[in-house]
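Next comes coords_10.txt, with compact mmCIF, C-alpha atoms and all ligand atoms.
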```
# COMPACT_ATOMS: atom_id res chain seq x y z
CA MET A 1 94.94 102.16 74.97
CA GLY A 2 91.44 101.75 76.33
CA ALA A 3 89.68 101.19 79.63
CA TYR A 4 86.31 100.33 81.07
CA THR A 5 85.21 100.95 84.64
CA PRO A 6 81.72 100.16 85.94
CA GLU A 7 79.28 102.98 86.68
CA TYR A 8 78.54 102.01 90.27
CA ARG A 9 80.71 103.83 92.87
CA LEU A 10 81.20 102.14 96.21
CA THR A 11 82.03 104.98 98.58
CA ASN A 12 83.82 104.90 101.93
CA SER A 13 80.64 106.04 103.65
CA ARG A 14 78.75 103.04 102.21
CA LEU A 15 81.52 100.76 103.50
CA GLU A 16 81.13 102.34 106.94
CA GLU A 17 77.63 100.84 106.94
CA LEU A 18 78.93 97.37 106.03
CA VAL A 19 81.96 96.91 108.30
CA ASP A 20 83.67 98.51 111.29
CA THR A 21 85.71 101.10 109.40
CA SER A 22 85.85 104.83 108.78
CA ASP A 23 86.44 107.16 105.87
CA GLU A 24 89.32 108.63 107.86
CA TRP A 25 91.08 105.24 108.30
CA ILE A 26 90.63 104.26 104.65
CA VAL A 27 91.87 107.59 103.25
CA LYS A 28 94.82 107.81 105.67
CA ARG A 29 96.01 104.19 105.21
CA THR A 30 95.23 103.70 101.49
CA GLY A 31 94.33 107.00 99.77
CA ILE A 32 91.08 105.46 98.45
CA HIS A 33 87.83 107.48 98.42
CA GLU A 34 85.73 105.24 96.19
CA ARG A 35 85.99 102.21 93.92
CA ARG A 36 83.88 100.99 90.98
CA ILE A 37 81.91 97.77 91.34
CA ALA A 38 80.46 95.67 88.52
CA GLN A 39 76.77 95.15 88.99
CA ASN A 40 75.57 93.68 85.73
CA GLU A 41 78.89 93.49 83.89
CA THR A 42 80.69 90.17 83.55
CA THR A 43 84.48 89.94 83.32
CA TRP A 44 84.44 89.39 79.55
CA GLN A 45 82.08 92.31 78.97
CA MET A 46 84.40 94.71 80.78
CA ALA A 47 87.38 93.23 78.90
CA LEU A 48 85.61 93.57 75.56
CA SER A 49 84.75 97.20 76.14
CA ALA A 50 88.38 98.06 77.04
CA ALA A 51 89.69 96.02 74.09
CA GLU A 52 87.36 97.69 71.57
CA LYS A 53 88.49 101.13 72.75
CA ALA A 54 92.16 100.13 72.52
CA LEU A 55 91.73 98.75 68.99
CA SER A 56 89.96 101.92 67.93
CA ASP A 57 92.73 104.04 69.50
CA ALA A 58 95.37 101.92 67.71
CA LYS A 59 93.34 102.18 64.47
CA ILE A 60 93.48 98.45 63.82
CA SER A 61 90.74 95.85 63.52
CA GLY A 62 90.35 92.60 65.42
CA GLU A 63 91.28 90.73 62.22
CA GLU A 64 94.77 92.22 62.40
CA LEU A 65 95.51 90.77 65.83
CA ASP A 66 97.95 87.87 66.09
CA LEU A 67 97.76 87.37 69.84
CA ILE A 68 95.26 88.17 72.60
CA VAL A 69 96.60 87.88 76.15
CA VAL A 70 94.20 88.49 79.02
CA SER A 71 95.50 88.83 82.56
CA THR A 72 92.92 88.14 85.25
CA VAL A 73 92.39 86.41 88.57
CA THR A 74 88.62 86.53 88.10
CA PRO A 75 87.70 84.88 84.77
CA ASP A 76 84.01 84.09 84.22
CA SER A 77 85.02 80.50 83.51
CA TYR A 78 88.26 78.48 83.39
CA THR A 79 87.27 77.48 79.88
CA PRO A 80 86.51 79.14 77.60
CA THR A 81 89.02 81.73 78.68
CA VAL A 82 88.21 85.44 78.59
CA ALA A 83 90.76 85.72 75.76
CA CYS A 84 88.84 83.20 73.64
CA VAL A 85 85.57 85.05 74.23
CA LEU A 86 87.32 88.23 73.04
CA GLN A 87 88.79 86.42 70.03
CA ASP A 88 85.25 85.61 68.94
CA LYS A 89 83.66 88.97 69.77
CA LEU A 90 86.48 90.98 68.17
CA GLY A 91 86.43 88.87 65.01
CA ALA A 92 90.13 88.16 65.57
CA LYS A 93 90.18 85.21 63.22
CA HIS A 94 93.98 85.08 62.88
CA ALA A 95 94.76 85.37 66.60
CA MET A 96 95.83 82.88 69.21
CA ALA A 97 94.29 83.68 72.57
CA TYR A 98 94.89 82.76 76.16
CA ASP A 99 94.48 83.98 79.74
CA MET A 100 97.39 84.27 82.12
CA ASN A 101 97.50 84.97 85.82
CA ALA A 102 100.23 86.90 87.60
CA ALA A 103 97.70 88.59 89.90
CA CYS A 104 98.46 92.30 90.37
CA SER A 105 101.62 92.03 88.22
CA GLY A 106 99.54 90.61 85.37
CA PHE A 107 99.70 93.62 83.07
CA VAL A 108 103.47 93.98 83.38
CA TYR A 109 104.03 90.23 82.90
CA ALA A 110 101.67 90.22 79.88
CA THR A 111 103.55 93.19 78.43
CA ASP A 112 106.70 91.07 78.66
CA ILE A 113 104.85 88.29 76.78
CA ALA A 114 103.81 90.76 74.06
CA ASP A 115 107.39 92.05 73.82
CA SER A 116 108.75 88.51 73.51
CA TYR A 117 106.32 87.42 70.77
CA ILE A 118 106.92 90.61 68.79
CA LYS A 119 110.72 90.54 69.11
CA ALA A 120 110.75 86.83 68.18
CA GLY A 121 108.84 87.70 65.01
CA LYS A 122 105.92 85.50 66.06
CA ALA A 123 103.36 88.31 66.24
CA LYS A 124 102.91 91.75 64.72
CA ASN A 125 99.88 93.01 66.66
CA VAL A 126 99.27 91.92 70.24
CA ILE A 127 96.51 93.11 72.55
CA VAL A 128 97.01 92.82 76.29
CA VAL A 129 93.79 93.11 78.26
CA SER A 130 93.87 93.20 82.05
CA VAL A 131 90.49 92.76 83.67
CA GLU A 132 89.36 92.15 87.22
CA ARG A 133 85.99 91.63 88.80
CA LEU A 134 87.43 91.47 92.29
CA SER A 135 84.06 92.18 93.90
CA SER A 136 83.18 88.55 93.09
CA ILE A 137 85.97 87.28 95.38
CA VAL A 138 85.87 89.99 98.06
CA ASP A 139 84.31 89.16 101.42
CA TYR A 140 82.23 92.24 102.28
CA THR A 141 82.39 91.29 105.96
CA ASP A 142 86.22 91.47 105.99
CA ARG A 143 87.28 95.07 106.58
CA SER A 144 90.93 94.34 105.81
CA THR A 145 90.15 93.66 102.14
CA CYS A 146 86.72 95.02 101.22
CA VAL A 147 87.81 98.66 101.55
CA ILE A 148 90.66 98.18 99.08
CA PHE A 149 89.57 96.35 95.95
CA GLY A 150 87.52 97.46 92.93
CA ASP A 151 86.58 96.29 89.42
CA GLY A 152 87.63 97.40 85.94
CA ALA A 153 89.53 96.65 82.75
CA GLY A 154 92.30 98.21 80.72
CA ALA A 155 93.85 97.26 77.39
CA VAL A 156 96.93 98.16 75.36
CA VAL A 157 97.83 97.24 71.78
CA TYR A 158 101.51 96.58 71.03
CA THR A 159 102.61 96.62 67.39
CA ALA A 160 105.87 95.56 65.72
CA SER A 161 107.87 98.48 64.37
CA GLU A 162 111.37 99.22 63.08
CA GLU A 163 111.52 102.33 65.30
CA LYS A 164 113.77 102.32 68.34
CA SER A 165 110.91 103.35 70.64
CA GLY A 166 108.62 100.80 72.27
CA ILE A 167 109.37 98.38 75.08
CA LEU A 168 112.95 99.26 76.07
CA SER A 169 113.34 96.81 78.94
CA THR A 170 111.48 94.37 81.15
CA TYR A 171 112.32 92.72 84.48
CA MET A 172 110.07 90.12 86.17
CA ARG A 173 110.44 88.18 89.40
CA ALA A 174 108.37 86.03 91.79
CA GLU A 175 108.57 85.21 95.50
CA GLY A 176 106.37 82.13 95.81
CA SER A 177 107.40 81.46 99.41
CA LEU A 178 105.21 84.45 100.37
CA GLY A 179 102.21 83.21 98.36
CA HIS A 180 100.10 82.71 101.48
CA CYS A 181 100.17 86.49 102.13
CA LEU A 182 97.62 87.06 99.36
CA PHE A 183 95.38 84.05 98.90
CA ALA A 184 92.18 83.28 97.01
CA GLY A 185 91.08 79.64 96.61
CA ALA A 186 90.24 78.21 93.20
CA LEU A 187 88.22 74.99 93.13
CA PRO A 188 85.84 74.51 96.08
CA VAL A 189 87.49 72.41 98.77
CA GLU A 190 85.07 69.71 99.82
CA GLN A 191 87.65 67.24 101.01
CA ASP A 192 91.08 68.10 102.29
CA PRO A 193 93.45 66.30 99.88
CA ILE A 194 95.92 65.52 102.68
CA THR A 195 93.86 64.71 105.78
CA GLY A 196 90.74 63.59 103.94
CA ASP A 197 88.62 65.77 106.26
CA ARG A 198 85.38 66.84 104.67
CA THR A 199 85.24 70.59 105.14
CA ILE A 200 83.23 72.90 102.98
CA ASP A 201 84.61 76.40 103.38
CA SER A 202 82.14 78.82 101.84
CA LYS A 203 84.78 81.57 102.05
CA HIS A 204 87.49 79.56 100.26
CA ARG A 205 87.26 81.71 97.11
CA PHE A 206 87.52 85.01 99.01
CA LEU A 207 90.67 87.12 98.94
CA LYS A 208 92.61 87.03 102.17
CA MET A 209 95.51 89.41 102.53
CA ALA A 210 98.18 89.78 105.18
CA GLY A 211 98.31 93.47 104.26
CA SER A 212 101.27 94.55 106.34
CA ASP A 213 103.38 91.55 105.14
CA VAL A 214 102.62 92.45 101.51
CA PHE A 215 103.39 96.07 102.32
CA ARG A 216 106.81 95.09 103.73
CA PHE A 217 107.48 92.98 100.61
CA THR A 218 106.76 95.95 98.34
CA ALA A 219 109.34 98.08 100.17
CA ASN A 220 112.11 95.97 98.56
CA ALA A 221 110.37 94.45 95.54
CA VAL A 222 109.16 97.68 93.94
CA PRO A 223 112.54 99.49 94.05
CA ASP A 224 114.26 96.26 92.92
CA SER A 225 112.04 96.06 89.83
CA ILE A 226 112.44 99.77 89.07
CA ASP A 227 116.24 99.71 89.51
CA ASN A 228 116.63 96.68 87.26
CA ALA A 229 114.24 97.88 84.53
CA LEU A 230 116.12 101.21 84.46
CA LYS A 231 119.48 99.44 84.38
CA ARG A 232 118.42 97.19 81.50
CA ALA A 233 117.22 100.25 79.56
CA ASP A 234 120.47 102.08 80.44
CA LEU A 235 118.49 104.95 81.95
CA ASN A 236 118.42 106.89 85.22
CA ALA A 237 115.32 107.52 87.32
CA SER A 238 115.31 111.16 86.17
CA ASP A 239 115.10 110.10 82.48
CA ILE A 240 111.56 108.77 83.03
CA ASP A 241 108.63 111.09 82.27
CA TRP A 242 105.94 109.02 84.00
CA TYR A 243 105.92 106.37 86.70
CA VAL A 244 102.76 104.31 86.31
CA LEU A 245 102.67 101.86 89.19
CA HIS A 246 100.10 99.33 90.31
CA GLN A 247 97.59 101.35 92.34
CA ALA A 248 97.78 99.29 95.54
CA ASN A 249 98.21 101.99 98.13
CA LEU A 250 98.91 105.72 97.93
CA ARG A 251 101.60 105.25 100.60
CA ILE A 252 103.55 102.92 98.25
CA LEU A 253 103.32 105.49 95.43
CA LYS A 254 104.60 108.21 97.77
CA MET A 255 107.41 105.93 98.98
CA VAL A 256 108.58 105.49 95.37
CA ALA A 257 108.43 109.24 94.67
CA GLU A 258 110.51 109.94 97.80
CA ARG A 259 113.07 107.19 97.19
CA TYR A 260 113.84 108.37 93.65
CA GLY A 261 113.53 112.08 94.43
CA LEU A 262 110.68 112.48 91.93
CA GLN A 263 108.27 115.39 91.68
CA LYS A 264 105.03 113.88 92.91
CA GLU A 265 103.29 114.78 89.60
CA LYS A 266 105.51 112.23 87.80
CA VAL A 267 103.89 109.35 89.69
CA TYR A 268 100.40 108.91 88.27
CA VAL A 269 97.66 108.39 90.84
CA ASN A 270 94.03 107.37 90.40
CA ILE A 271 93.67 104.98 93.36
CA ASP A 272 91.53 107.65 95.07
CA ARG A 273 88.78 107.07 92.46
CA PHE A 274 89.17 103.41 91.49
CA GLY A 275 90.75 101.61 94.47
CA ASN A 276 92.99 98.63 93.80
CA THR A 277 91.88 96.86 90.60
CA SER A 278 94.80 94.40 90.63
CA SER A 279 96.26 93.84 87.13
CA ALA A 280 93.80 96.28 85.53
CA SER A 281 95.12 99.28 87.47
CA ILE A 282 98.13 100.14 85.26
CA PRO A 283 96.32 100.03 81.89
CA ILE A 284 93.36 101.94 83.38
CA CYS A 285 95.89 104.66 84.36
CA LEU A 286 97.48 104.60 80.89
CA ALA A 287 94.14 104.92 79.09
CA GLU A 288 93.11 107.76 81.40
CA MET A 289 96.45 109.55 80.86
CA LYS A 290 96.08 109.21 77.10
CA GLU A 291 92.55 110.56 77.21
CA LYS A 292 93.71 113.54 79.27
CA GLY A 293 96.41 114.28 76.66
CA LEU A 294 99.24 113.62 79.14
CA LEU A 295 101.08 111.13 76.92
CA LYS A 296 103.33 112.47 74.16
CA SER A 297 105.48 110.78 71.57
CA GLY A 298 109.06 110.33 72.80
CA GLN A 299 108.11 110.20 76.48
CA LYS A 300 109.42 107.34 78.58
CA ILE A 301 107.09 105.52 80.97
CA LEU A 302 108.07 103.12 83.70
CA ILE A 303 105.39 100.62 84.69
CA SER A 304 105.74 98.52 87.83
CA GLY A 305 103.37 95.84 89.10
CA PHE A 306 103.45 93.81 92.32
CA GLY A 307 101.15 91.63 94.36
CA GLY A 308 99.66 88.13 94.48
CA GLY A 309 101.98 85.20 93.96
CA LEU A 310 103.83 87.06 95.24
CA THR A 311 105.03 88.52 91.95
CA TYR A 312 106.62 91.76 90.83
CA GLY A 313 108.02 93.30 87.70
CA ALA A 314 108.68 96.49 85.78
CA ALA A 315 109.13 97.66 82.20
CA VAL A 316 110.32 100.84 80.52
CA ILE A 317 108.33 101.92 77.46
CA GLU A 318 109.14 104.77 75.09
CA LEU A 319 106.07 106.21 73.38
O1 LIG B 1 97.37 94.64 95.14
C1 LIG B 1 98.17 93.66 95.69
C2 LIG B 1 99.28 94.19 96.49
N1 LIG B 1 98.75 94.67 97.74
C3 LIG B 1 99.40 95.56 98.40
O2 LIG B 1 100.42 96.05 97.99
C4 LIG B 1 98.79 95.93 99.72
C5 LIG B 1 99.84 96.32 100.69
N2 LIG B 1 99.29 96.56 102.01
C6 LIG B 1 98.57 97.66 102.31
O3 LIG B 1 98.24 98.46 101.45
C7 LIG B 1 98.25 97.90 103.76
O4 LIG B 1 98.90 96.94 104.53
C8 LIG B 1 96.73 97.90 104.09
C9 LIG B 1 96.07 99.13 103.54
C10 LIG B 1 96.09 96.65 103.56
C11 LIG B 1 96.54 97.92 105.63
O5 LIG B 1 97.22 99.05 106.18
P1 LIG B 1 98.21 98.88 107.41
O6 LIG B 1 98.68 100.21 107.75
O7 LIG B 1 99.27 97.85 107.02
O8 LIG B 1 97.26 98.35 108.52
P2 LIG B 1 97.34 96.98 109.37
O9 LIG B 1 96.92 95.82 108.54
O10 LIG B 1 98.68 96.89 110.06
O11 LIG B 1 96.24 97.25 110.47
C12 LIG B 1 96.37 98.32 111.41
C13 LIG B 1 95.11 98.35 112.26
C14 LIG B 1 94.73 96.99 112.84
O12 LIG B 1 94.19 97.21 114.12
P3 LIG B 1 95.08 96.96 115.44
O13 LIG B 1 95.49 95.52 115.38
O14 LIG B 1 96.24 97.89 115.32
O15 LIG B 1 94.13 97.30 116.54
C15 LIG B 1 93.63 96.52 111.92
O16 LIG B 1 92.74 95.64 112.55
O17 LIG B 1 94.00 98.77 111.47
C16 LIG B 1 92.94 97.82 111.59
N3 LIG B 1 92.21 97.78 110.33
C17 LIG B 1 91.19 98.63 110.08
N4 LIG B 1 90.64 99.61 110.79
C18 LIG B 1 89.62 100.29 110.22
C19 LIG B 1 92.39 96.98 109.28
N5 LIG B 1 91.52 97.29 108.30
C20 LIG B 1 90.76 98.30 108.77
C21 LIG B 1 89.71 99.05 108.25
N6 LIG B 1 89.17 100.04 108.98
N7 LIG B 1 89.23 98.83 107.00
```
The structure given in the file should be rewritten as structure tokens.
Amino acid sequence: MGAYTPEYRLTNSRLEELVDTSDEWIVKRTGIHERRIAQNETTWQMALSAAEKALSDAKISGEELDLIVVSTVTPDSYTPTVACVLQDKLGAKHAMAYDMNAACSGFVYATDIADSYIKAGKAKNVIVVSVERLSSIVDYTDRSTCVIFGDGAGAVVYTASEEKSGILSTYMRAEGSLGHCLFAGALPVEQDPITGDRTIDSKHRFLKMAGSDVFRFTANAVPDSIDNALKRADLNASDIDWYVLHQANLRILKMVAERYGLQKEKVYVNIDRFGNTSSASIPICLAEMKEKGLLKSGQKILISGFGGGLTYGAAVIEL
């Protein structure tokens, strides 16, 4: 496991200078105190740093990788993909490499990809890198989004093994009919493809979120993914040592702890320091937990991601 987060800290008090908000509102409604923002770092540079740390932690070289999957909604370019840049920089000469996008569920979806390739015998070593430079698509005049999102990268190496531990179950779903609730445009719209109107929307690429609609969606989606991942692993909620959820809102993390009767310490939280880094949030948590010595062999972790698409999913992993 490995992570990279930029040095620069965007604090709530700095945001108070930019938009009509307050530290009190942000902390009460989200649990966020500060988030990291890339200043000079590109997406691939953050991804590379996290990937190098994960490879070093896994004690394997880039040459041993068979597959590089990068999840991101903010690639530096559509082609080459971030994964191909990493393939070159890591000297991964035997690896196939591609980017995928499942927004905030990206890490969990990419973990399912890694699991599938490994179990099909198509790959031995897979690196999943989740990286987001959300500051490049955040409108810093929109208080409903700019207080939430941050930048960073996290990476995990999955390796084939005869042991029974590893990825015990996965469960992924999507709810495309709610896609409009979390929108960021791709190609610049200069001409409406339907009406033919020529409209250049300079804010087309910016994230727009119907926050309370997404919040309502998570109330069912997150427990649904947790219940089904547990069921597929034949485990109960109390069998899990750590719940590592997408860091979207402290209130969602508390809701999960309450619903499953968990001690609050079992639900890992770092949203206070990093904000919502979309797909990068879960592997940033994992790398931080590993560095703090919280992860032990034999422990079971439940990861759950949810967000843009809308998408959601969960997996149970035994260390
Ligand atoms: O990562 C992808 C997945 N994303 C999520 O899971 C996000 C889920 N949603 C959320 O976390 C929450 O909905 C938010 C944190 C985004 C918003 O919290 P909320 O409690 O749902 O607030 P709201 O959108 O219902 O807004 C409540 C009020 C509104 O004012 P009025 O209409 O009641 O007068 C907003 O205009 O708060 C206002 N507001 C703000 N006030 C101060 C919205 N943003 C801000 C702000 N500072 N930054």
### Query
Pick from A:Met100, A:Val27, A:Ala3, A:Ile301: nearest to Ile240 in chain A, with all atoms listed in the file counted?
A:Ile301
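Shown here are all protein and nucleic acid residues lying within 9 Å of (78.9, 101.2, 97.5), with all atoms listed in the file considered: Tyr8, Arg9, Leu10, Thr11, Asn12, Ser13, Arg14, Leu15, Glu34, Arg35, Arg36 and Ile37 of chain A.
Shortest separation to ligand LIG 1 (chain B) among A:Gln87, A:Thr30, A:Thr72, A:Asn220 occurs at residue A:Thr30, atoms counted being all atoms listed in the file.
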Axis-aligned box over every listed atom of range 293-310 of chain A, padded by 6 Å per side: centre and edges in Å to one decimal, as AutoDock Vina command-line options?
```
--center_x 102.9 --center_y 99.7 --center_z 83.4 --size_x 25.0 --size_y 41.1 --size_z 35.7
```
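Around ligand LIG 1 (chain B), using all atoms listed in the file and a cut-off of 6 Å, the residues in contact are A:Thr21, A:Ser22, A:Trp25, A:Arg29, A:Thr30, A:Cys104, A:Arg143, A:Ser144, A:Val147, A:Gly211, A:Ser212, A:Val214, A:Phe215, A:Ala248, A:Asn249, A:Ser278, A:Phe306, A:Gly307, A:Gly308.
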For the residues in that selection, give me C-alpha atoms as a PDB file, keeping the file's coordinate frame.
```
ATOM      1  CA  THR A  21      85.710 101.100 109.400  1.00  0.00           C
ATOM      2  CA  SER A  22      85.850 104.830 108.780  1.00  0.00           C
ATOM      3  CA  TRP A  25      91.080 105.240 108.300  1.00  0.00           C
ATOM      4  CA  ARG A  29      96.010 104.190 105.210  1.00  0.00           C
ATOM      5  CA  THR A  30      95.230 103.700 101.490  1.00  0.00           C
ATOM      6  CA  CYS A 104      98.460  92.300  90.370  1.00  0.00           C
ATOM      7  CA  ARG A 143      87.280  95.070 106.580  1.00  0.00           C
ATOM      8  CA  SER A 144      90.930  94.340 105.810  1.00  0.00           C
ATOM      9  CA  VAL A 147      87.810  98.660 101.550  1.00  0.00           C
ATOM     10  CA  GLY A 211      98.310  93.470 104.260  1.00  0.00           C
ATOM     11  CA  SER A 212     101.270  94.550 106.340  1.00  0.00           C
ATOM     12  CA  VAL A 214     102.620  92.450 101.510  1.00  0.00           C
ATOM     13  CA  PHE A 215     103.390  96.070 102.320  1.00  0.00           C
ATOM     14  CA  ALA A 248      97.780  99.290  95.540  1.00  0.00           C
ATOM     15  CA  ASN A 249      98.210 101.990  98.130  1.00  0.00           C
ATOM     16  CA  SER A 278      94.800  94.400  90.630  1.00  0.00           C
ATOM     17  CA  PHE A 306     103.450  93.810  92.320  1.00  0.00           C
ATOM     18  CA  GLY A 307     101.150  91.630  94.360  1.00  0.00           C
ATOM     19  CA  GLY A 308      99.660  88.130  94.480  1.00  0.00           C
TER      20      GLY A 308
END
```
### Task
Compile the contact shell of Asp57 in chain A as a PyMOL selection string: residues with an atom at most 10 Å away, counting all atoms listed in the file, same-chain residues fewer than 6 positions apart removed.
chain A and resi 1-2+51+156-157+287+290
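Nearest to Val316 in chain A of all the residues A:Leu55, A:Cys285, A:Leu294, A:Ala233 is A:Ala233, counting only C-alpha atoms.
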### Task
Compile the contact shell of Ile113 in chain A as a list in words: residues with an atom at most 12 Å away, counting only C-alpha atoms, same-chain residues fewer than 6 positions apart removed.
Leu67, Ile68, Val69, Val70, Ser71, Tyr98, Asp99, Met100, Ala102, Gly106, Phe107, Lys119, Ala120, Lys122, Ala123, Val126, Ile127, Val128, Tyr158, Ile167, Thr170, Tyr171, Met172 and Ala315 of chain A
### Query
Can you tell me, as a count of residues only, what residues are no more than 12 Å from Leu187 in chain A when counting all atoms listed in the file, ignoring any on the same chain fewer than 6 positions away?
9
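Reported to one decimal place, the separation of CA of Gly275 in chain A from CA of Glu41 in chain A is 17.8 Å.
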### Query
Nearest to His246 in chain A: which of A:Ala92, A:Leu207, A:Ala50, A:Ile284 is it, counting all atoms listed in the file?
A:Ile284
